[in-house]
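The block underneath contains the structure these notes are about, expressed in structure tokens.
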Amino acid sequence: MSLQVFLLPDLGEGLVEAELVTWLVNVGDTVHVDQPIAEVETAKSVVEVPSPFEGTVATLHGAEGDTLEVGKPLISVAAPADATTDATTDATAAVEAAVPAAAMTPASPAPAGAQAASGSGNVLIGYGTSGHGGPGRTRPGRRQHLTGQLEAPVAGPGRAHLVISPLVRKMAHDHGLSLAEIPGSGVDGLILRRDVEAALAPAPAGAVSSTGTAPAGAVSSTEGGDAVDPRTGLHVVARTPLTGVKKAAATALTRSRREIPEATVWVDVDATALVELRRDLKAKDGSAPSLLAFVARFVTAGLERFPQLNAQLVSAGGTDSLVDFDGINLGFAAQTDRGLVVPVLRRAQGRSARALDAAIRALTGTARDGKAGPAELSGGTFTINNYGVFGVDGSAAIINYPEAAMLGIGRITDKPWVVEGELCVRKVTELTLAFDHRVCDGAVAAGFLRFIADAMENPAAVLADL
């Protein structure tokens with residue numbers, strides 16, 4: 001049977017790597033074309049990767065928690081006996097030559113010095129058949145323990161390090177440990193949980209790695225042997241590397257602060273009329289757009305009047321240029337279990353508040369489920385950040401690079417307000433606009449923000465013209 005090697009595909013939007021979250025198949029499973037074989041987390045989202053081949057899984061190139069590069073082997077599939085070899089690319093032959101034949105069979109021992117094709121230095125060994133009667137999603141709890149089928153690894157640098165438990169791999173990954181540096185105390189050198197815990201234990205004072213230098217991220221030790229941060233003097237509980245969405249967000253926020261000279265304007269708004277409008281619509285029709293959807297409609301109308309805030313400043317070849325767009329791609333900051341993301345509603349201009357409400361709900365739901373792809377999480381021209389849902393009034397927001405502005409909405413709360421010379425209690429919120437001062441001046445930013453505020457204070461008049 002010929003071997004077909006599937007390379008991690010181009011994930012779009014310039015993404016060059018992805019973290020392997022979960023294998024959905026095991027060595028020995030039968031897979032079909034378009035069957036999901038793995039979940040990977042990119043800088044944008046968590047996505048399922050389907051198989052382009054049909055056959056039997058021969059090799060899984062990497063362990064859960066590994067970071068794989070686009071274009072590197074993800075999985076090798078042995079084609080059925082009657083299949084042609086045309087589907088195998090020229091790169092497959094090179095990969096086959098680099099991967100020992102023994103590694104293609106799950107029951108075969110790993111030869112000395114063998115490494116995973118992903119470049120991680122770890123060979124994924126010990127995954128049996130799924131045990132559920134056929135291909136499909138296979139979670140770690142269903143994998144069979146094949147320790148008895150493995151021969152002892154050859155000791156020394158570059159040996160194949162054995163890890164069966166996904167928990168052990170995750171534990172090492174979360175603490176930034178390399179499995180290649182952890183000796184296994186289990187049968188045939190199997191790395192167990194106690195081995196990772198031992199590696200996490202603080203080293204004696206003055207200890208160095210086998211290379212003669214202090215390990216990366218090393219901390220000092222007290223006389224009692226506890227790990228202590230040398231700067232703060234506090235005990236270190238854990239070190240968690242930034243990966244995936246959180247790493248991408250950190251990079252974008254840092255770049256925004258470094259490159260964009262931002263300014264901020266804000267205004268308190270009496271949103272009582274808008275709240276009452278929504279209440280009346282809900283009482284009449286049984287449903288009504290969210291307050292965020294109404295604000296989004298006002299924003300698209302405001303950007304049509306002040307298009308500078310929908311532009312972007314682009315630097316290329318030593319020249320700075322202002323780029324104007326013929327549409328509005330509206331982003332909405334959303335907090336998810338994997339961190340802050342900004343799903344983007346493309347071509348939001350001209351949509352009604354009801355249409356915006358439906359689209360926003362669907363898009364943010366997809367993002368919170370981790371199913372939004374690069375197309376849904378990129379390409380924005382303006383962002384709305386509704387931080388009021390967290391119970392705060394205002395925020396000095398960081399612009400979503402490379403956009404020119406971000407509108408922040410604080411919580412709506414009862415406050416004293418003067419109406420026609422009389423003091424009364426009103427529904428008040430604070431709007432904040434952070435803008436790139438290279439793109440527009442304060443008059444444009446203030447004009448846009450005042451337009452949104454006036455629309456919220458007198459929504460019926462504005463909506464009549466939209």
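Naming scheme: A, B, ... for chains in displayed order of the structure tokens; residues 1 onward per chain; ligands 1 onward as shown.
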Can you pull out every residue within 7 Å of Glu69 of chain A, counting only C-alpha atoms, but drop anything in the same chain fewer than 6 positions away, and send it as a PDB file with all heavy atoms, in the first residue's frame?
ATOM      1  N   VAL A  16       1.069  30.959   9.870  1.00  0.00           N
ATOM      2  CA  VAL A  16       2.151  30.050   9.486  1.00  0.00           C
ATOM      3  C   VAL A  16       2.310  28.890  10.443  1.00  0.00           C
ATOM      4  O   VAL A  16       3.135  28.007  10.211  1.00  0.00           O
ATOM      5  CB  VAL A  16       3.490  30.818   9.375  1.00  0.00           C
ATOM      6  CG1 VAL A  16       3.423  31.859   8.279  1.00  0.00           C
ATOM      7  CG2 VAL A  16       3.859  31.473  10.712  1.00  0.00           C
ATOM      8  N   GLU A  17       1.539  28.853  11.522  1.00  0.00           N
ATOM      9  CA  GLU A  17       1.652  27.765  12.476  1.00  0.00           C
ATOM     10  C   GLU A  17       0.336  27.575  13.214  1.00  0.00           C
ATOM     11  O   GLU A  17      -0.543  28.435  13.181  1.00  0.00           O
ATOM     12  CB  GLU A  17       2.775  28.031  13.487  1.00  0.00           C
ATOM     13  CG  GLU A  17       2.519  29.229  14.385  1.00  0.00           C
ATOM     14  CD  GLU A  17       3.640  29.473  15.386  1.00  0.00           C
ATOM     15  OE1 GLU A  17       4.749  28.967  15.157  1.00  0.00           O
ATOM     16  OE2 GLU A  17       3.396  30.159  16.398  1.00  0.00           O
ATOM     17  N   ALA A  18       0.215  26.420  13.847  1.00  0.00           N
ATOM     18  CA  ALA A  18      -0.985  26.118  14.628  1.00  0.00           C
ATOM     19  C   ALA A  18      -0.608  25.154  15.738  1.00  0.00           C
ATOM     20  O   ALA A  18       0.308  24.343  15.589  1.00  0.00           O
ATOM     21  CB  ALA A  18      -2.076  25.514  13.739  1.00  0.00           C
TER      22      ALA A  18
END
Please tabulate, as CSV, the residues of segment 369-426 of chain A that come within 9 Å of segment 239-258 of chain A, each with its closest pair of atoms and the distance in Å to one decimal, counting only C-alpha atoms and ordering rows by chain, then residue number upward.
residue,atom,partner,partner_atom,distance
A:Ile398,CA,A:Leu253,CA,6.8
A:Ile399,CA,A:Ser256,CA,6.4
A:Asn400,CA,A:Ser256,CA,6.9
A:Tyr401,CA,A:Ser256,CA,5.2
A:Pro402,CA,A:Ser256,CA,7.3
Dump N, CA and C atoms for the selected residues as an mmCIF file, in the first residue's frame?
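As a result, result10.cif now contains:
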data_model
loop_
_atom_site.group_PDB
_atom_site.id
_atom_site.type_symbol
_atom_site.label_atom_id
_atom_site.label_comp_id
_atom_site.auth_asym_id
_atom_site.auth_seq_id
_atom_site.Cartn_x
_atom_site.Cartn_y
_atom_site.Cartn_z
ATOM 1 N N ILE A 398 -7.596 50.130 23.751
ATOM 2 C CA ILE A 398 -6.495 50.026 22.793
ATOM 3 C C ILE A 398 -7.095 49.729 21.431
ATOM 4 N N ILE A 399 -6.773 50.526 20.432
ATOM 5 C CA ILE A 399 -7.333 50.372 19.090
ATOM 6 C C ILE A 399 -6.953 49.018 18.515
ATOM 7 N N ASN A 400 -7.901 48.406 17.838
ATOM 8 C CA ASN A 400 -7.677 47.106 17.211
ATOM 9 C C ASN A 400 -6.862 47.291 15.928
ATOM 10 N N TYR A 401 -5.558 47.151 16.046
ATOM 11 C CA TYR A 401 -4.650 47.380 14.911
ATOM 12 C C TYR A 401 -5.049 46.512 13.724
ATOM 13 N N PRO A 402 -5.030 47.032 12.481
ATOM 14 C CA PRO A 402 -4.567 48.360 12.041
ATOM 15 C C PRO A 402 -5.700 49.362 11.833
#
Legend entry - Contacts of segment 449-464 of chain A within 10 Å, only C-alpha atoms, excl. fewer than 6 positions in-chain, as a PyMOL selection string: chain A and resi 265-275+277+291+294-303+305-306+352-353+407+428-433+443
Determine, counting only C-alpha atoms, which protein, DNA and RNA residues have an atom within 7 Å of an atom of segment 354-359 of chain A; residues of the same chain fewer than 4 positions away are not included. Present the result as a tab-separated table (two decimals) with N, CA, C and O atoms, in the first residue's frame.
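File produced: part.tsv:
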chain	number	residue	atom	x	y	z
A	289	PRO	N	-34.54	44.51	18.71
A	289	PRO	CA	-33.08	44.46	18.61
A	289	PRO	C	-32.44	44.85	19.93
A	289	PRO	O	-33.01	45.59	20.74
A	290	SER	N	-31.25	44.32	20.19
A	290	SER	CA	-30.52	44.67	21.40
A	290	SER	C	-30.07	46.12	21.33
A	290	SER	O	-30.01	46.74	20.25
A	293	ALA	N	-27.24	46.47	19.03
A	293	ALA	CA	-27.59	46.51	17.62
A	293	ALA	C	-28.00	47.92	17.20
A	293	ALA	O	-27.66	48.39	16.11
A	363	LEU	N	-22.79	35.70	14.96
A	363	LEU	CA	-21.35	35.80	14.83
A	363	LEU	C	-20.64	35.64	16.18
A	363	LEU	O	-19.65	34.91	16.30
Inset, instruction - Using atom CA of Ala199 of chain A and atom CA of Leu177 of chain A as the two end points, give the distance in Å to one decimal. - result: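 Atom CA of Leu177 of chain A lies at a distance of 8.1 Å from atom CA of Ala199 of chain A.
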Could you give me the residues within segment 244-419 of chain A that DSSP places in strand (DSSP E), as a tab-separated table (two decimals) with C-alpha atoms, in the first residue's frame?
chain	number	residue	atom	x	y	z
A	262	GLU	CA	-4.02	57.40	19.83
A	263	ALA	CA	-6.17	60.03	21.46
A	264	THR	CA	-9.42	59.57	23.38
A	265	VAL	CA	-12.64	61.55	23.66
A	266	TRP	CA	-15.68	60.64	25.73
A	267	VAL	CA	-19.16	61.83	26.55
A	268	ASP	CA	-21.97	60.94	28.98
A	269	VAL	CA	-25.20	60.06	27.21
A	270	ASP	CA	-28.82	60.03	28.39
A	312	GLN	CA	-6.55	52.94	7.76
A	313	LEU	CA	-3.01	54.27	7.60
A	314	VAL	CA	-0.73	51.87	5.76
A	315	SER	CA	3.06	52.14	5.58
A	316	ALA	CA	4.82	50.57	2.60
A	319	THR	CA	5.59	55.90	2.38
A	320	ASP	CA	2.52	56.36	4.58
A	321	SER	CA	-0.84	56.26	2.81
A	322	LEU	CA	-4.43	56.67	3.98
A	323	VAL	CA	-6.60	53.87	2.60
A	330	LEU	CA	-17.79	46.14	11.81
A	331	GLY	CA	-15.94	44.25	14.57
A	332	PHE	CA	-17.33	43.40	18.02
A	334	ALA	CA	-16.05	39.38	22.51
A	335	GLN	CA	-14.67	37.58	25.54
A	336	THR	CA	-14.35	33.81	25.08
A	339	GLY	CA	-9.35	34.92	25.28
A	340	LEU	CA	-10.47	38.16	23.65
A	341	VAL	CA	-11.45	37.91	19.98
A	344	VAL	CA	-16.16	40.90	12.13
A	345	LEU	CA	-19.49	41.56	10.41
A	382	PHE	CA	-13.99	49.71	12.90
A	383	THR	CA	-14.59	48.00	16.26
A	384	ILE	CA	-17.24	48.37	18.97
A	385	ASN	CA	-16.27	47.31	22.49
A	405	ALA	CA	-10.72	53.91	15.90
A	406	MET	CA	-12.69	51.96	18.51
A	407	LEU	CA	-15.95	52.93	20.19
A	408	GLY	CA	-16.40	51.83	23.80
A	409	ILE	CA	-19.79	51.57	25.54
A	413	THR	CA	-27.16	52.87	34.98
A	414	ASP	CA	-29.53	55.21	36.81
A	415	LYS	CA	-27.95	58.62	37.46
A	416	PRO	CA	-29.14	62.12	38.30
A	417	TRP	CA	-29.60	64.17	35.12
A	418	VAL	CA	-30.93	67.63	34.36
A	419	VAL	CA	-33.84	67.69	31.87
Legend entry - Residues within 7 Å of Val31 of chain A, only C-alpha atoms, excluding chain neighbours under 2 positions, as a list in words: Asp29, Val33, Gln35, Glu54, Gly55, Thr56, Val57 and Pro135 of chain A
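Using only C-alpha atoms for every distance, the candidate list A:Trp23, A:Tyr387, A:Phe53, A:Phe6 yields A:Trp23 as the residue closest to Asp66 of chain A.
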Inset, instruction - Rounded to one decimal place, report the atom CA of Glu41 of chain A-atom CA of Glu403 of chain A distance in Å. - result: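 Value for the atom CA of Glu41 of chain A-atom CA of Glu403 of chain A distance: 24.4 Å.
Shortest atom-to-atom contact with Gly71 of chain A among A:Asp10, A:Asp229, A:Asp34, A:Pro52: A:Asp10, counting only C-alpha atoms.
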